[in-house]
>>> print(open('model14.txt').read())   # compact mmCIF, C-alpha atoms
# COMPACT_ATOMS: atom_id res chain seq x y z
CA MET A 1 23.62 -7.58 -21.41
CA LYS A 2 25.85 -5.06 -19.58
CA LYS A 3 25.72 -2.73 -22.59
CA TYR A 4 21.91 -3.01 -22.63
CA ARG A 5 21.70 -2.16 -18.93
CA LEU A 6 23.97 0.86 -19.37
CA SER A 7 21.84 2.05 -22.29
CA MET A 8 18.67 1.59 -20.26
CA LEU A 9 20.16 3.49 -17.30
CA LEU A 10 21.20 6.35 -19.61
CA PHE A 11 17.73 6.38 -21.14
CA VAL A 12 16.04 6.62 -17.74
CA VAL A 13 18.41 9.38 -16.55
CA LEU A 14 17.75 11.42 -19.70
CA ALA A 15 14.00 10.77 -19.41
CA PHE A 16 14.07 11.87 -15.77
CA ALA A 17 15.87 15.09 -16.70
CA LYS A 18 13.46 15.73 -19.57
CA ALA A 19 10.45 15.13 -17.31
CA TYR A 20 11.59 17.66 -14.76
CA THR A 21 12.50 20.16 -17.45
CA LEU A 22 8.90 19.91 -18.69
CA GLN A 23 7.65 20.30 -15.13
CA ALA A 24 9.70 23.44 -14.69
CA GLN A 25 8.23 24.90 -17.86
CA GLN A 26 4.61 24.42 -16.88
CA ASP A 27 2.49 23.76 -13.83
CA PHE A 28 -0.24 21.17 -14.01
CA THR A 29 -2.60 19.35 -11.69
CA GLY A 30 -4.43 16.07 -11.89
CA ILE A 31 -6.47 13.40 -10.14
CA ALA A 32 -5.62 9.73 -10.62
CA HIS A 33 -8.24 7.14 -9.63
CA TYR A 34 -7.06 3.76 -8.36
CA GLN A 35 -8.67 0.40 -7.49
CA SER A 36 -7.03 -2.03 -5.07
CA LYS A 37 -7.41 -5.79 -4.93
CA MET A 38 -6.09 -8.40 -2.49
CA THR A 39 -5.02 -11.91 -3.48
CA LEU A 40 -4.97 -14.53 -0.74
CA GLU A 41 -2.69 -17.53 -0.69
CA LYS A 42 -3.35 -20.72 1.23
CA PRO A 43 -1.47 -20.57 4.55
CA LYS A 44 1.25 -23.13 5.24
CA ASP A 45 0.06 -25.99 7.46
CA SER A 46 -2.24 -23.76 9.50
CA SER A 47 -3.70 -25.95 12.23
CA SER A 48 -6.45 -23.43 13.00
CA MET A 49 -7.54 -23.22 9.37
CA SER A 50 -7.34 -26.98 8.82
CA LYS A 51 -9.88 -27.47 11.61
CA MET A 52 -12.26 -24.88 10.18
CA ASP A 53 -15.40 -26.04 8.41
CA PRO A 54 -14.97 -25.70 4.56
CA ALA A 55 -18.09 -23.49 4.30
CA MET A 56 -16.80 -21.29 7.10
CA ARG A 57 -13.36 -21.10 5.46
CA LYS A 58 -15.00 -19.95 2.21
CA ILE A 59 -16.91 -17.18 4.04
CA PHE A 60 -13.71 -16.12 5.78
CA ASN A 61 -11.78 -15.96 2.49
CA GLU A 62 -14.51 -13.85 0.87
CA ALA A 63 -14.52 -11.46 3.83
CA MET A 64 -10.72 -11.10 3.65
CA LYS A 65 -10.81 -10.32 -0.07
CA LYS A 66 -13.59 -7.77 0.43
CA ALA A 67 -11.55 -6.04 3.12
CA GLY A 68 -8.68 -5.63 0.63
CA GLU A 69 -10.82 -4.04 -2.10
CA ALA A 70 -11.05 -0.26 -2.12
CA GLU A 71 -10.98 2.84 -4.34
CA PHE A 72 -8.45 5.65 -3.94
CA THR A 73 -7.67 9.02 -5.50
CA LEU A 74 -4.31 10.73 -5.88
CA LYS A 75 -4.59 14.51 -6.25
CA PHE A 76 -1.26 15.79 -7.52
CA SER A 77 0.53 18.94 -8.60
CA ARG A 78 4.18 19.50 -9.41
CA THR A 79 5.07 20.05 -5.75
CA GLU A 80 2.56 18.17 -3.57
CA SER A 81 -0.06 15.42 -3.53
CA LEU A 82 -2.84 13.85 -1.47
CA TYR A 83 -3.65 10.14 -1.64
CA GLU A 84 -6.85 9.03 0.10
CA LYS A 85 -9.47 6.31 0.16
CA VAL A 86 -12.84 7.02 -1.45
CA GLN A 87 -15.46 6.72 1.26
CA ALA A 88 -18.25 4.50 -0.02
CA LEU A 89 -21.77 4.46 1.40
CA ALA A 90 -22.41 1.49 3.66
CA ALA A 91 -24.53 -1.13 1.91
CA PRO A 92 -27.57 -2.45 3.78
CA LYS A 93 -26.89 -5.78 5.46
CA LYS A 94 -28.50 -8.75 3.82
CA PRO A 95 -30.40 -11.20 5.98
CA SER A 96 -28.30 -14.26 6.69
CA ASN A 97 -29.08 -17.67 8.10
CA GLY A 98 -26.14 -18.91 10.09
CA MET A 99 -22.82 -17.09 10.40
CA SER A 100 -21.28 -14.05 8.74
CA ILE A 101 -17.80 -12.64 9.15
CA GLU A 102 -16.63 -9.04 9.11
CA VAL A 103 -12.92 -8.40 8.65
CA SER A 104 -11.21 -5.06 9.14
CA PHE A 105 -7.55 -4.11 8.60
CA SER A 106 -5.55 -1.28 10.13
CA GLY A 107 -1.97 -0.14 9.87
CA ASN A 108 -1.62 -0.69 6.09
CA GLY A 109 -0.17 2.78 5.65
CA ASP A 110 2.18 2.13 2.70
CA THR A 111 -0.75 2.09 0.29
CA TYR A 112 -3.91 2.41 2.40
CA GLY A 113 -3.54 5.42 4.71
CA THR A 114 -4.46 8.98 3.68
CA THR A 115 -1.06 10.36 2.67
CA TYR A 116 0.09 13.93 1.94
CA LYS A 117 3.47 14.36 0.25
CA ASP A 118 5.56 17.54 -0.02
CA LEU A 119 7.80 16.75 -3.00
CA ASN A 120 10.05 19.77 -2.49
CA ALA A 121 10.76 19.03 1.17
CA GLN A 122 10.61 15.25 0.52
CA SER A 123 8.39 14.78 3.58
CA PHE A 124 4.99 13.21 4.21
CA LEU A 125 2.02 13.17 6.57
CA ARG A 126 -0.06 10.00 6.83
CA GLU A 127 -3.26 9.28 8.72
CA ASP A 128 -3.14 5.73 10.04
CA GLN A 129 -4.65 3.53 12.73
CA ILE A 130 -3.60 0.85 15.15
CA GLN A 131 -6.54 -1.13 16.46
CA GLY A 132 -8.91 1.81 16.07
CA LYS A 133 -6.65 4.50 17.56
CA GLU A 134 -5.80 7.31 15.09
CA PHE A 135 -2.27 8.54 14.45
CA LEU A 136 -0.72 11.17 12.18
CA VAL A 137 2.59 9.73 11.00
CA THR A 138 5.05 12.42 9.92
CA ASP A 139 8.52 11.82 8.50
CA LYS A 140 10.90 12.26 5.59
CA ILE A 141 10.19 10.31 2.38
CA GLU A 142 12.62 7.42 2.19
CA PRO A 143 14.43 7.34 -1.18
CA LEU A 144 13.87 4.00 -2.90
CA ALA A 145 16.51 2.35 -5.08
CA TRP A 146 14.22 1.50 -8.00
CA LYS A 147 15.54 -0.75 -10.77
CA VAL A 148 14.01 -0.02 -14.19
CA THR A 149 13.78 -3.27 -16.17
CA GLY A 150 12.95 -1.88 -19.61
CA GLU A 151 9.81 -4.04 -19.84
CA THR A 152 6.80 -2.10 -21.15
CA LYS A 153 3.05 -2.51 -21.60
CA MET A 154 -0.07 -0.40 -22.04
CA ILE A 155 -2.44 0.67 -19.27
CA GLY A 156 -5.35 2.32 -21.02
CA LYS A 157 -3.86 4.85 -23.42
CA TYR A 158 -0.62 5.19 -21.46
CA ASN A 159 2.64 3.45 -22.24
CA VAL A 160 4.14 2.26 -18.94
CA MET A 161 7.52 0.88 -17.92
CA LYS A 162 8.31 -1.63 -15.20
CA ALA A 163 10.46 -0.88 -12.15
CA THR A 164 11.12 -2.92 -9.02
CA TYR A 165 12.30 -2.15 -5.51
CA THR A 166 13.61 -4.78 -3.09
CA TYR A 167 13.28 -4.07 0.60
CA PRO A 168 16.51 -4.76 2.54
CA LYS A 169 16.36 -8.05 4.38
CA LYS A 170 16.33 -7.79 8.15
CA GLU A 171 17.97 -10.55 10.14
CA LYS A 172 15.48 -11.98 12.63
CA THR A 173 16.28 -13.02 16.16
CA GLU A 174 15.27 -16.45 17.44
CA LYS A 175 12.46 -14.77 19.37
CA GLU A 176 11.16 -13.06 16.20
CA LYS A 177 11.32 -16.37 14.29
CA LYS A 178 9.25 -18.02 17.01
CA VAL A 179 6.67 -15.23 16.79
CA GLU A 180 6.42 -15.78 13.01
CA GLU A 181 5.86 -19.50 13.55
CA GLU A 182 3.08 -18.76 16.04
CA LYS A 183 1.47 -16.37 13.56
CA GLU A 184 1.40 -19.02 10.81
CA THR A 185 -0.58 -21.44 13.01
CA GLY A 186 -3.48 -19.05 13.62
CA LEU A 187 -6.07 -17.08 11.68
CA LEU A 188 -3.53 -14.29 11.16
CA GLY A 189 -1.58 -16.73 8.99
CA MET A 190 -4.21 -16.03 6.31
CA VAL A 191 -2.66 -12.56 5.83
CA GLU A 192 0.77 -12.68 4.22
CA ASP A 193 3.42 -10.20 5.31
CA LYS A 194 4.44 -7.53 2.81
CA ASP A 195 6.50 -9.04 0.04
CA LYS A 196 10.15 -7.98 -0.11
CA VAL A 197 9.79 -6.90 -3.75
CA VAL A 198 7.51 -4.06 -4.91
CA THR A 199 6.74 -3.71 -8.62
CA ALA A 200 5.66 -0.39 -10.13
CA TRP A 201 4.51 0.46 -13.66
CA PHE A 202 5.03 4.15 -14.41
CA THR A 203 4.32 6.42 -17.37
CA MET A 204 6.54 9.25 -18.56
CA ASP A 205 3.51 10.66 -20.40
CA ILE A 206 2.70 12.27 -17.03
CA PRO A 207 6.11 13.60 -15.92
CA ILE A 208 5.62 13.69 -12.18
CA SER A 209 7.54 11.59 -9.66
CA ASN A 210 4.61 10.28 -7.64
CA GLY A 211 2.29 7.34 -7.01
CA PRO A 212 0.03 5.57 -4.49
CA GLY A 213 0.74 5.95 -0.78
CA ILE A 214 4.39 6.53 0.07
CA TYR A 215 5.67 5.43 -3.34
CA GLN A 216 7.40 7.87 -5.71
CA GLY A 217 10.89 8.52 -7.09
CA LEU A 218 10.40 7.39 -10.71
CA PRO A 219 10.42 9.68 -13.80
CA GLY A 220 6.67 9.43 -14.22
CA LEU A 221 3.39 8.75 -12.45
CA ILE A 222 2.93 5.19 -11.12
CA LEU A 223 -0.22 3.70 -12.66
CA GLU A 224 0.07 0.18 -11.26
CA LEU A 225 1.66 -1.04 -8.05
CA ASN A 226 2.10 -4.60 -6.81
CA GLU A 227 2.97 -4.72 -3.12
CA GLY A 228 2.89 -8.21 -1.67
CA ASN A 229 -0.64 -9.54 -2.09
CA ILE A 230 -2.05 -6.09 -2.90
CA THR A 231 -2.41 -4.78 -6.48
CA ILE A 232 -3.37 -1.13 -7.06
CA LEU A 233 -4.36 -0.16 -10.60
CA CYS A 234 -5.18 3.27 -12.03
CA ASN A 235 -8.38 3.26 -14.09
CA LYS A 236 -8.91 6.99 -14.74
CA ILE A 237 -6.88 10.22 -14.84
CA GLU A 238 -8.27 13.77 -14.88
CA MET A 239 -5.78 16.42 -15.97
CA ASN A 240 -6.15 20.06 -14.81
CA PRO A 241 -9.59 19.52 -13.17
CA GLU A 242 -11.69 22.43 -11.95
CA ASP A 243 -12.12 23.12 -8.21
CA PHE A 244 -8.80 21.43 -7.47
CA GLU A 245 -7.62 21.59 -3.85
CA ILE A 246 -5.15 19.67 -1.72
CA LYS A 247 -5.69 19.68 2.05
CA LYS A 248 -3.12 18.35 4.49
CA PRO A 249 -4.40 15.58 6.81
CA LYS A 250 -4.71 16.58 10.46
CA LYS A 251 -6.42 13.72 12.32
CA GLY A 252 -4.59 11.69 14.93
CA LYS A 253 -1.74 11.92 17.40
CA GLU A 254 1.55 12.94 15.77
CA ILE A 255 4.17 10.19 15.72
CA SER A 256 7.31 9.31 13.74
CA SER A 257 7.43 6.34 11.36
CA LYS A 258 9.88 4.52 13.65
CA ASP A 259 7.71 4.94 16.75
CA PHE A 260 4.57 4.00 14.82
CA ASP A 261 6.16 0.78 13.50
CA GLU A 262 7.37 -0.18 16.99
CA LEU A 263 3.94 0.44 18.50
CA GLN A 264 2.26 -1.49 15.70
CA GLU A 265 4.54 -4.49 16.23
CA LYS A 266 3.80 -4.40 19.96
CA LYS A 267 0.03 -4.37 19.36
CA ASN A 268 0.31 -7.09 16.72
CA LYS A 269 2.15 -9.27 19.23
CA GLU A 270 -0.60 -8.71 21.79
CA MET A 271 -3.21 -9.58 19.15
CA ARG A 272 -1.40 -12.82 18.22
CA GLU A 273 -1.34 -13.77 21.88
CA ARG A 274 -5.09 -13.15 22.14
CA PHE A 275 -5.70 -15.37 19.11
CA ASN A 276 -3.53 -18.12 20.50
CA SER A 277 -5.42 -17.96 23.79
CA GLY A 278 -8.78 -17.98 21.97
CA ARG A 279 -9.82 -14.47 23.07
CA GLY A 280 -10.06 -12.98 19.53
CA GLY A 281 -8.81 -9.65 18.18
CA ASP A 282 -9.18 -7.32 15.22
CA VAL A 283 -10.80 -9.93 13.01
CA PHE A 284 -14.45 -9.83 13.98
CA ILE A 285 -16.71 -12.85 13.70
CA GLN A 286 -20.40 -12.01 14.01
CA HIS A 287 -23.30 -14.40 14.48
CA ASN A 288 -26.61 -13.40 12.90
>>> encode(input="model14.txt", output="structure tokens")
Amino acid sequence: MKKYRLSMLLFVVLAFAKAYTLQAQQDFTGIAHYQSKMTLEKPKDSSSMSKMDPAMRKIFNEAMKKAGEAEFTLKFSRTESLYEKVQALAAPKKPSNGMSIEVSFSGNGDTYGTTYKDLNAQSFLREDQIQGKEFLVTDKIEPLAWKVTGETKMIGKYNVMKATYTYPKKEKTEKEKKVEEEKETGLLGMVEDKDKVVTAWFTMDIPISNGPGIYQGLPGLILELNEGNITILCNKIEMNPEDFEIKKPKKGKEISSKDFDELQEKKNKEMRERFNSGRGGDVFIQHN
């Protein structure tokens, strides 16, 4: 097994070197099209959800899944990229007898925010929101310690290889554990926190170290990404398209990743307190 792992590591290192040698020899551009999907799991002993009417719970689940479905494009060159959500036209509202629910998410920047990456400087700009307020997050790209497993499959015509990254575990204080317990008892318990393990499927047929959102660092373009309960899958790639242009995002107040995360946690805490007190928050329930 150790010999196999060493062979696999050597293979990936050589593949990485070959990919960047090819990049140095020729410039190319492309547009990758992605589709995201959210999978919901039943919350653990959620008292709020257990009291909800089954029909209402079904409507809520459907609204949550719809909120997690979106289309994205990744415009990429050898040195930079722009990942952004495709803005769809709003569908006319259907008449409804009874209750309808509208769910909106914010602060899902890892794979949802408009993200510009400078691969030479290893830096990024990301448009993101916290409860409707716009921010422009700017920081260095964090290197990820990917582990290539050697497992392969096909996505369309591309041969892809599996890699995983495990986020470092953070020890929680007693106060933080209590906050998590409070979250699980309310409607917010329907949304699972980001899983500690991210799985990427990348292809060396497109030798560029890039992928959805903040993710990159593999010897090929990421075509599928599994991040917690979110799956993002590439369904189309255009190589060397005409009228190709990458524009840096500019909207929002500039802020570092650290400050953004701290502010987001503060606002999430306030939102949990509003839910627990019955005053509502960023999940909107509308009566028609």
>>> atom_distance(input="model14.txt", atom1="CA of Gly113 (chain A)", atom2="CA of Asp27 (chain A)")
26.8 Å
>>> residues_around(input="model14.txt", residues="Thr79 (chain A)", least_positions_apart="6", cutoff="10 Å", atoms="all atoms listed in the file", output="list in words")
Gln23, Asp27, Phe28, Thr29, Lys117, Asp118, Leu119, Asn120, Ala121, Gln122, Ile208, Ser209 and Asn210 of chain A
>>> closest_residue(input="model14.txt", among="A:Ser36, A:Thr149, A:Thr73, A:Thr138", to="Lys258 (chain A)", atoms="only C-alpha atoms")
A:Thr138
>>> atom_distance(input="model14.txt", atom1="CA of Thr166 (chain A)", atom2="CA of Lys269 (chain A)")
25.5 Å
>>> atom_distance(input="model14.txt", atom1="CA of Tyr215 (chain A)", atom2="CA of Ile31 (chain A)")
16.0 Å
>>> closest_residue(input="model14.txt", among="A:Gly30, A:Gly228, A:Gly217, A:Pro212", to="Lys85 (chain A)", atoms="all atoms listed in the file")
A:Pro212
>>> closest_residue(input="model14.txt", among="A:Phe202, A:Ile237, A:Pro207, A:Arg126", to="Tyr34 (chain A)", atoms="all atoms listed in the file")
A:Ile237
>>> residues_around(input="model14.txt", residues="Asp259 (chain A)", least_positions_apart="4", cutoff="12 Å", atoms="all atoms listed in the file", output="list in words")
Phe135, Leu136, Val137, Thr138, Asp139, Lys253, Glu254, Ile255, Leu263, Gln264, Glu265 and Lys266 of chain A
>>> residues_around(input="model14.txt", residues="Tyr83 (chain A)", least_positions_apart="5", cutoff="9 Å", atoms="all atoms listed in the file", output="PDB file with C-alpha atoms, keeping the file's coordinate frame")
ATOM      1  CA  PHE A  72      -8.450   5.650  -3.940  1.00  0.00           C
ATOM      2  CA  THR A  73      -7.670   9.020  -5.500  1.00  0.00           C
ATOM      3  CA  LEU A  74      -4.310  10.730  -5.880  1.00  0.00           C
ATOM      4  CA  LYS A  75      -4.590  14.510  -6.250  1.00  0.00           C
ATOM      5  CA  PHE A  76      -1.260  15.790  -7.520  1.00  0.00           C
ATOM      6  CA  THR A 111      -0.750   2.090   0.290  1.00  0.00           C
ATOM      7  CA  TYR A 112      -3.910   2.410   2.400  1.00  0.00           C
ATOM      8  CA  GLY A 113      -3.540   5.420   4.710  1.00  0.00           C
ATOM      9  CA  THR A 114      -4.460   8.980   3.680  1.00  0.00           C
ATOM     10  CA  THR A 115      -1.060  10.360   2.670  1.00  0.00           C
ATOM     11  CA  TYR A 116       0.090  13.930   1.940  1.00  0.00           C
ATOM     12  CA  LYS A 117       3.470  14.360   0.250  1.00  0.00           C
ATOM     13  CA  GLY A 211       2.290   7.340  -7.010  1.00  0.00           C
ATOM     14  CA  PRO A 212       0.030   5.570  -4.490  1.00  0.00           C
ATOM     15  CA  GLY A 213       0.740   5.950  -0.780  1.00  0.00           C
ATOM     16  CA  ILE A 214       4.390   6.530   0.070  1.00  0.00           C
TER      17      ILE A 214
END
>>> residues_around(input="model14.txt", residues="Glu151 (chain A)", least_positions_apart="3", cutoff="12 Å", atoms="all atoms listed in the file", output="PyMOL selection string")
chain A and resi 8+147-148+154+159-164+199-202
>>> closest_residue(input="model14.txt", among="A:Thr203, A:Arg274, A:Gly132, A:Asn268", to="Leu218 (chain A)", atoms="only C-alpha atoms")
A:Thr203
>>> closest_residue(input="model14.txt", among="A:Asp261, A:Ala55, A:Lys251, A:Gln35", to="Glu127 (chain A)", atoms="all atoms listed in the file")
A:Lys251
